[in-house]
file protein_26.pdb (PDB, N, CA and C atoms)
ATOM      1  N   MET A1012      68.882 189.808 189.553
ATOM      2  CA  MET A1012      68.317 189.220 190.753
ATOM      3  C   MET A1012      66.812 189.057 190.583
ATOM      4  N   PRO A1013      66.278 187.955 191.101
ATOM      5  CA  PRO A1013      64.840 187.740 191.014
ATOM      6  C   PRO A1013      64.056 188.760 191.833
ATOM      7  N   ALA A1014      62.866 189.075 191.358
ATOM      8  CA  ALA A1014      61.978 189.958 192.104
ATOM      9  C   ALA A1014      61.332 189.204 193.264
ATOM     10  N   MET A1015      61.032 187.918 193.053
ATOM     11  CA  MET A1015      60.432 187.078 194.093
ATOM     12  C   MET A1015      61.018 185.682 193.982
ATOM     13  N   VAL A1016      61.376 185.100 195.117
ATOM     14  CA  VAL A1016      61.907 183.733 195.128
ATOM     15  C   VAL A1016      61.272 182.979 196.288
ATOM     16  N   ARG A1017      60.879 181.755 196.015
ATOM     17  CA  ARG A1017      60.407 180.854 197.064
ATOM     18  C   ARG A1017      61.151 179.537 196.911
ATOM     19  N   GLU A1018      61.439 178.918 198.020
ATOM     20  CA  GLU A1018      61.941 177.548 197.976
ATOM     21  C   GLU A1018      60.777 176.660 198.375
ATOM     22  N   TYR A1019      60.531 175.651 197.558
ATOM     23  CA  TYR A1019      59.391 174.768 197.783
ATOM     24  C   TYR A1019      59.822 173.338 197.536
ATOM     25  N   LYS A1020      59.850 172.555 198.595
ATOM     26  CA  LYS A1020      60.231 171.136 198.528
ATOM     27  C   LYS A1020      61.581 170.945 197.838
ATOM     28  N   GLY A1021      62.504 171.862 198.112
ATOM     29  CA  GLY A1021      63.851 171.773 197.565
ATOM     30  C   GLY A1021      64.026 172.458 196.221
ATOM     31  N   TYR A1022      62.947 172.742 195.533
ATOM     32  CA  TYR A1022      62.994 173.446 194.250
ATOM     33  C   TYR A1022      62.951 174.950 194.507
ATOM     34  N   ARG A1023      63.608 175.711 193.660
ATOM     35  CA  ARG A1023      63.501 177.168 193.735
ATOM     36  C   ARG A1023      62.539 177.636 192.654
ATOM     37  N   VAL A1024      61.604 178.470 193.056
ATOM     38  CA  VAL A1024      60.626 179.053 192.150
ATOM     39  C   VAL A1024      60.866 180.556 192.175
ATOM     40  N   ALA A1025      61.054 181.171 191.000
ATOM     41  CA  ALA A1025      61.385 182.589 190.964
ATOM     42  C   ALA A1025      60.652 183.318 189.858
ATOM     43  N   ILE A1026      60.341 184.564 190.134
ATOM     44  CA  ILE A1026      59.863 185.517 189.132
ATOM     45  C   ILE A1026      60.942 186.584 189.063
ATOM     46  N   TYR A1027      61.489 186.805 187.881
ATOM     47  CA  TYR A1027      62.648 187.677 187.740
ATOM     48  C   TYR A1027      62.325 189.136 187.516
ATOM     49  N   SER A1028      61.129 189.459 187.118
ATOM     50  CA  SER A1028      60.785 190.849 186.881
ATOM     51  C   SER A1028      59.463 191.160 187.563
ATOM     52  N   PRO A1029      59.374 192.276 188.254
ATOM     53  CA  PRO A1029      58.114 192.604 188.922
ATOM     54  C   PRO A1029      56.972 192.875 187.941
ATOM     55  N   THR A1030      57.302 193.131 186.674
ATOM     56  CA  THR A1030      56.259 193.403 185.686
ATOM     57  C   THR A1030      55.903 192.176 184.856
ATOM     58  N   SER A1031      56.677 191.106 184.960
ATOM     59  CA  SER A1031      56.335 189.886 184.215
ATOM     60  C   SER A1031      55.705 188.894 185.170
ATOM     61  N   HIS A1032      54.815 188.129 184.656
ATOM     62  CA  HIS A1032      54.102 187.192 185.514
ATOM     63  C   HIS A1032      54.266 185.771 184.998
ATOM     64  N   PHE A1033      55.521 185.351 184.866
ATOM     65  CA  PHE A1033      55.810 183.958 184.601
ATOM     66  C   PHE A1033      56.940 183.545 185.522
ATOM     67  N   ALA A1034      56.904 182.301 185.952
ATOM     68  CA  ALA A1034      57.874 181.800 186.920
ATOM     69  C   ALA A1034      58.823 180.816 186.262
ATOM     70  N   VAL A1035      60.026 180.736 186.817
ATOM     71  CA  VAL A1035      60.981 179.709 186.425
ATOM     72  C   VAL A1035      61.222 178.816 187.639
ATOM     73  N   ILE A1036      61.532 177.551 187.365
ATOM     74  CA  ILE A1036      61.745 176.571 188.424
ATOM     75  C   ILE A1036      63.104 175.930 188.209
ATOM     76  N   THR A1037      63.887 175.833 189.289
ATOM     77  CA  THR A1037      65.164 175.122 189.228
ATOM     78  C   THR A1037      65.087 173.917 190.153
ATOM     79  N   ALA A1038      65.709 172.842 189.722
ATOM     80  CA  ALA A1038      65.697 171.601 190.493
ATOM     81  C   ALA A1038      66.596 171.718 191.716
ATOM     82  N   PRO A1039      66.388 170.869 192.716
ATOM     83  CA  PRO A1039      67.234 170.892 193.910
ATOM     84  C   PRO A1039      68.708 170.714 193.550
ATOM     85  N   GLY A1040      69.554 171.551 194.123
ATOM     86  CA  GLY A1040      70.987 171.449 193.915
ATOM     87  C   GLY A1040      71.469 171.916 192.555
ATOM     88  N   SER A1041      70.626 172.588 191.810
ATOM     89  CA  SER A1041      70.988 173.017 190.462
ATOM     90  C   SER A1041      70.604 174.473 190.245
ATOM     91  N   ASN A1042      71.313 175.123 189.350
ATOM     92  CA  ASN A1042      70.941 176.470 188.927
ATOM     93  C   ASN A1042      70.317 176.460 187.541
ATOM     94  N   ARG A1043      70.184 175.282 186.965
ATOM     95  CA  ARG A1043      69.612 175.151 185.625
ATOM     96  C   ARG A1043      68.083 175.216 185.700
ATOM     97  N   VAL A1044      67.516 176.065 184.862
ATOM     98  CA  VAL A1044      66.065 176.217 184.814
ATOM     99  C   VAL A1044      65.459 175.018 184.089
ATOM    100  N   ILE A1045      64.385 174.485 184.635
ATOM    101  CA  ILE A1045      63.676 173.373 184.016
ATOM    102  C   ILE A1045      62.875 173.925 182.841
ATOM    103  N   ASN A1046      63.017 173.301 181.681
ATOM    104  CA  ASN A1046      62.307 173.722 180.485
ATOM    105  C   ASN A1046      60.870 173.210 180.561
ATOM    106  N   LEU A1047      59.946 174.104 180.846
ATOM    107  CA  LEU A1047      58.547 173.725 181.011
ATOM    108  C   LEU A1047      57.727 173.932 179.747
ATOM    109  N   GLN A1048      58.341 174.481 178.732
ATOM    110  CA  GLN A1048      57.693 174.751 177.453
ATOM    111  C   GLN A1048      56.369 175.474 177.673
ATOM    112  N   GLU A1049      55.284 174.969 177.126
ATOM    113  CA  GLU A1049      53.995 175.670 177.217
ATOM    114  C   GLU A1049      53.372 175.573 178.605
ATOM    115  N   LYS A1050      53.915 174.731 179.475
ATOM    116  CA  LYS A1050      53.361 174.586 180.823
ATOM    117  C   LYS A1050      54.002 175.532 181.841
ATOM    118  N   GLN A1051      54.844 176.447 181.367
ATOM    119  CA  GLN A1051      55.490 177.394 182.274
ATOM    120  C   GLN A1051      54.413 178.162 183.043
ATOM    121  N   PRO A1052      54.541 178.215 184.369
ATOM    122  CA  PRO A1052      53.524 178.895 185.174
ATOM    123  C   PRO A1052      53.422 180.376 184.808
ATOM    124  N   ARG A1053      52.201 180.827 184.568
ATOM    125  CA  ARG A1053      51.937 182.217 184.209
ATOM    126  C   ARG A1053      50.730 182.717 184.989
ATOM    127  N   ALA A1054      50.626 184.025 185.069
ATOM    128  CA  ALA A1054      49.459 184.668 185.660
ATOM    129  C   ALA A1054      49.236 185.984 184.927
ATOM    130  N   THR A1055      48.014 186.430 184.921
ATOM    131  CA  THR A1055      47.730 187.729 184.323
ATOM    132  C   THR A1055      48.148 188.826 185.286
ATOM    133  N   VAL A1056      48.205 190.031 184.784
ATOM    134  CA  VAL A1056      48.553 191.169 185.638
ATOM    135  C   VAL A1056      47.521 191.318 186.747
ATOM    136  N   VAL A1057      46.276 191.069 186.434
ATOM    137  CA  VAL A1057      45.209 191.183 187.432
ATOM    138  C   VAL A1057      45.377 190.134 188.530
ATOM    139  N   GLU A1058      45.725 188.895 188.145
ATOM    140  CA  GLU A1058      45.914 187.830 189.141
ATOM    141  C   GLU A1058      47.124 188.104 190.024
ATOM    142  N   GLY A1059      48.187 188.613 189.445
ATOM    143  CA  GLY A1059      49.379 188.970 190.195
ATOM    144  C   GLY A1059      50.400 187.856 190.323
ATOM    145  N   PRO A1060      51.595 188.222 190.777
ATOM    146  CA  PRO A1060      52.695 187.261 190.841
ATOM    147  C   PRO A1060      52.512 186.157 191.878
ATOM    148  N   LEU A1061      51.784 186.404 192.942
ATOM    149  CA  LEU A1061      51.605 185.357 193.950
ATOM    150  C   LEU A1061      50.803 184.185 193.402
ATOM    151  N   VAL A1062      49.841 184.451 192.526
ATOM    152  CA  VAL A1062      49.091 183.387 191.868
ATOM    153  C   VAL A1062      50.040 182.573 190.997
ATOM    154  N   CYS A1063      50.943 183.262 190.322
ATOM    155  CA  CYS A1063      51.920 182.584 189.476
ATOM    156  C   CYS A1063      52.809 181.661 190.309
ATOM    157  N   LEU A1064      53.265 182.129 191.457
ATOM    158  CA  LEU A1064      54.093 181.294 192.328
ATOM    159  C   LEU A1064      53.310 180.092 192.844
ATOM    160  N   ASP A1065      52.041 180.276 193.146
ATOM    161  CA  ASP A1065      51.204 179.153 193.585
ATOM    162  C   ASP A1065      51.068 178.116 192.479
ATOM    163  N   ARG A1066      50.908 178.570 191.249
ATOM    164  CA  ARG A1066      50.820 177.639 190.117
ATOM    165  C   ARG A1066      52.143 176.900 189.917
ATOM    166  N   ALA A1067      53.240 177.590 190.146
ATOM    167  CA  ALA A1067      54.551 176.940 190.032
ATOM    168  C   ALA A1067      54.709 175.866 191.101
ATOM    169  N   GLU A1068      54.245 176.135 192.308
ATOM    170  CA  GLU A1068      54.320 175.136 193.372
ATOM    171  C   GLU A1068      53.461 173.918 193.034
ATOM    172  N   ALA A1069      52.313 174.115 192.421
ATOM    173  CA  ALA A1069      51.480 172.989 191.994
ATOM    174  C   ALA A1069      52.203 172.169 190.927
ATOM    175  N   LEU A1070      52.946 172.837 190.069
ATOM    176  CA  LEU A1070      53.722 172.135 189.046
ATOM    177  C   LEU A1070      54.862 171.336 189.668
ATOM    178  N   VAL A1071      55.491 171.876 190.707
ATOM    179  CA  VAL A1071      56.529 171.142 191.433
ATOM    180  C   VAL A1071      55.930 169.878 192.043
ATOM    181  N   ASP A1072      54.744 169.995 192.611
ATOM    182  CA  ASP A1072      54.069 168.815 193.166
ATOM    183  C   ASP A1072      53.854 167.754 192.088
ATOM    184  N   ALA A1073      53.486 168.187 190.880
ATOM    185  CA  ALA A1073      53.296 167.240 189.772
ATOM    186  C   ALA A1073      54.619 166.592 189.384
ATOM    187  N   LEU A1074      55.706 167.356 189.391
ATOM    188  CA  LEU A1074      57.022 166.796 189.084
ATOM    189  C   LEU A1074      57.419 165.735 190.108
ATOM    190  N   ILE A1075      57.185 166.035 191.376
ATOM    191  CA  ILE A1075      57.538 165.114 192.454
ATOM    192  C   ILE A1075      56.669 163.858 192.398
ATOM    193  N   ALA A1076      55.420 164.019 191.993
ATOM    194  CA  ALA A1076      54.489 162.893 191.934
ATOM    195  C   ALA A1076      54.793 161.934 190.782
ATOM    196  N   GLY A1077      55.823 162.251 190.001
ATOM    197  CA  GLY A1077      56.207 161.335 188.941
ATOM    198  C   GLY A1077      55.654 161.679 187.581
ATOM    199  N   GLU A1078      55.076 162.842 187.459
ATOM    200  CA  GLU A1078      54.537 163.269 186.183
ATOM    201  C   GLU A1078      55.548 164.103 185.420
ATOM    202  N   GLY A1079      56.781 164.093 185.857
ATOM    203  CA  GLY A1079      57.817 164.940 185.275
ATOM    204  C   GLY A1079      58.017 164.756 183.792
ATOM    205  N   SER A1080      57.937 163.524 183.304
ATOM    206  CA  SER A1080      58.150 163.295 181.893
ATOM    207  C   SER A1080      57.068 163.932 181.029
ATOM    208  N   ARG A1081      55.876 164.097 181.594
ATOM    209  CA  ARG A1081      54.793 164.737 180.847
ATOM    210  C   ARG A1081      54.784 166.242 181.044
ATOM    211  N   VAL A1082      55.427 166.733 182.104
ATOM    212  CA  VAL A1082      55.380 168.147 182.437
ATOM    213  C   VAL A1082      56.542 168.914 181.852
ATOM    214  N   ALA A1083      57.765 168.372 181.972
ATOM    215  CA  ALA A1083      58.936 169.157 181.616
ATOM    216  C   ALA A1083      60.050 168.289 181.069
ATOM    217  N   SER A1084      60.961 168.965 180.426
ATOM    218  CA  SER A1084      62.206 168.293 180.032
ATOM    219  C   SER A1084      63.337 168.966 180.770
ATOM    220  N   PHE A1085      64.297 168.212 181.196
ATOM    221  CA  PHE A1085      65.424 168.732 181.963
ATOM    222  C   PHE A1085      66.596 168.921 181.019
ATOM    223  N   GLU A1086      66.631 170.071 180.351
ATOM    224  CA  GLU A1086      67.676 170.343 179.374
ATOM    225  C   GLU A1086      68.824 171.074 180.016
TER     226      GLU A1086
END

call {"tool": "encode", "arguments": {"input": "protein_26.pdb", "output": "structure tokens"}}
result
Amino acid sequence: MPAMVREYKGYRVAIYSPTSHFAVITAPGSNRVINLQEKQPRATVVEGPLVCLDRAEALVDALIAGEGSRVASFE
């Protein structure tokens, strides 16, 4: 089970471990994680997981704005 989950504009953004600070994003209506490669949202331990979730939401905005082909691959 994820440690933190937010739904943002139909996408699910989750951090699965309270000690890790990287987020995964799933598309609306899917359980498949979007492969973000090096653009996967991350935060340092000092910044904390909420910063990571905010960065993931900004990435979702970029996906919706049509930058998806440059941001991620849907594998």

call {"tool": "select_by_dssp", "arguments": {"input": "protein_26.pdb", "residues": "chain A", "states": "helix (DSSP H, G or I)", "output": "list of chain:residue names"}}
result
A:Gln1048, A:Glu1049, A:Lys1050, A:Pro1060, A:Leu1061, A:Val1062, A:Cys1063, A:Leu1064, A:Asp1065, A:Arg1066, A:Ala1067, A:Glu1068, A:Ala1069, A:Leu1070, A:Val1071, A:Asp1072, A:Ala1073, A:Leu1074, A:Ile1075, A:Ala1076, A:Gly1077, A:Glu1078, A:Gly1079, A:Ser1080, A:Arg1081, A:Val1082

call {"tool": "closest_residue", "arguments": {"input": "protein_26.pdb", "among": "A:Ile1026, A:Met1015, A:Ala1038, A:Ala1067", "to": "Arg1053 in chain A", "atoms": "only N, CA and C atoms"}}
result
A:Ala1067

call {"tool": "closest_residue", "arguments": {"input": "protein_26.pdb", "among": "A:Pro1052, A:Arg1066, A:Val1057, A:Val1071", "to": "Ala1034 in chain A", "atoms": "only C-alpha atoms"}}
result
A:Pro1052

call {"tool": "residues_around", "arguments": {"input": "protein_26.pdb", "residues": "Pro1060 in chain A", "least_positions_apart": "3", "cutoff": "9 Å", "atoms": "only C-alpha atoms", "output": "compact mmCIF listing (two decimals) with N, CA and C atoms, in the coordinates of the input"}}
result
# COMPACT_ATOMS: atom_id res chain seq x y z
N MET A 1015 61.03 187.92 193.05
CA MET A 1015 60.43 187.08 194.09
C MET A 1015 61.02 185.68 193.98
N ILE A 1026 60.34 184.56 190.13
CA ILE A 1026 59.86 185.52 189.13
C ILE A 1026 60.94 186.58 189.06
N PRO A 1029 59.37 192.28 188.25
CA PRO A 1029 58.11 192.60 188.92
C PRO A 1029 56.97 192.88 187.94
N THR A 1030 57.30 193.13 186.67
CA THR A 1030 56.26 193.40 185.69
C THR A 1030 55.90 192.18 184.86
N SER A 1031 56.68 191.11 184.96
CA SER A 1031 56.34 189.89 184.22
C SER A 1031 55.70 188.89 185.17
N HIS A 1032 54.82 188.13 184.66
CA HIS A 1032 54.10 187.19 185.51
C HIS A 1032 54.27 185.77 185.00
N PHE A 1033 55.52 185.35 184.87
CA PHE A 1033 55.81 183.96 184.60
C PHE A 1033 56.94 183.54 185.52
N ALA A 1034 56.90 182.30 185.95
CA ALA A 1034 57.87 181.80 186.92
C ALA A 1034 58.82 180.82 186.26
N ARG A 1053 52.20 180.83 184.57
CA ARG A 1053 51.94 182.22 184.21
C ARG A 1053 50.73 182.72 184.99
N ALA A 1054 50.63 184.02 185.07
CA ALA A 1054 49.46 184.67 185.66
C ALA A 1054 49.24 185.98 184.93
N THR A 1055 48.01 186.43 184.92
CA THR A 1055 47.73 187.73 184.32
C THR A 1055 48.15 188.83 185.29
N VAL A 1056 48.20 190.03 184.78
CA VAL A 1056 48.55 191.17 185.64
C VAL A 1056 47.52 191.32 186.75
N CYS A 1063 50.94 183.26 190.32
CA CYS A 1063 51.92 182.58 189.48
C CYS A 1063 52.81 181.66 190.31
N LEU A 1064 53.26 182.13 191.46
CA LEU A 1064 54.09 181.29 192.33
C LEU A 1064 53.31 180.09 192.84
N ASP A 1065 52.04 180.28 193.15
CA ASP A 1065 51.20 179.15 193.58
C ASP A 1065 51.07 178.12 192.48

call {"tool": "select_by_dssp", "arguments": {"input": "protein_26.pdb", "residues": "chain A", "states": "strand (DSSP E)", "output": "list in words"}}
result
Met1015, Val1016, Arg1017, Glu1018, Tyr1019, Tyr1022, Arg1023, Val1024, Ala1025, Ile1026, Val1035, Ile1036 and Thr1037 of chain A
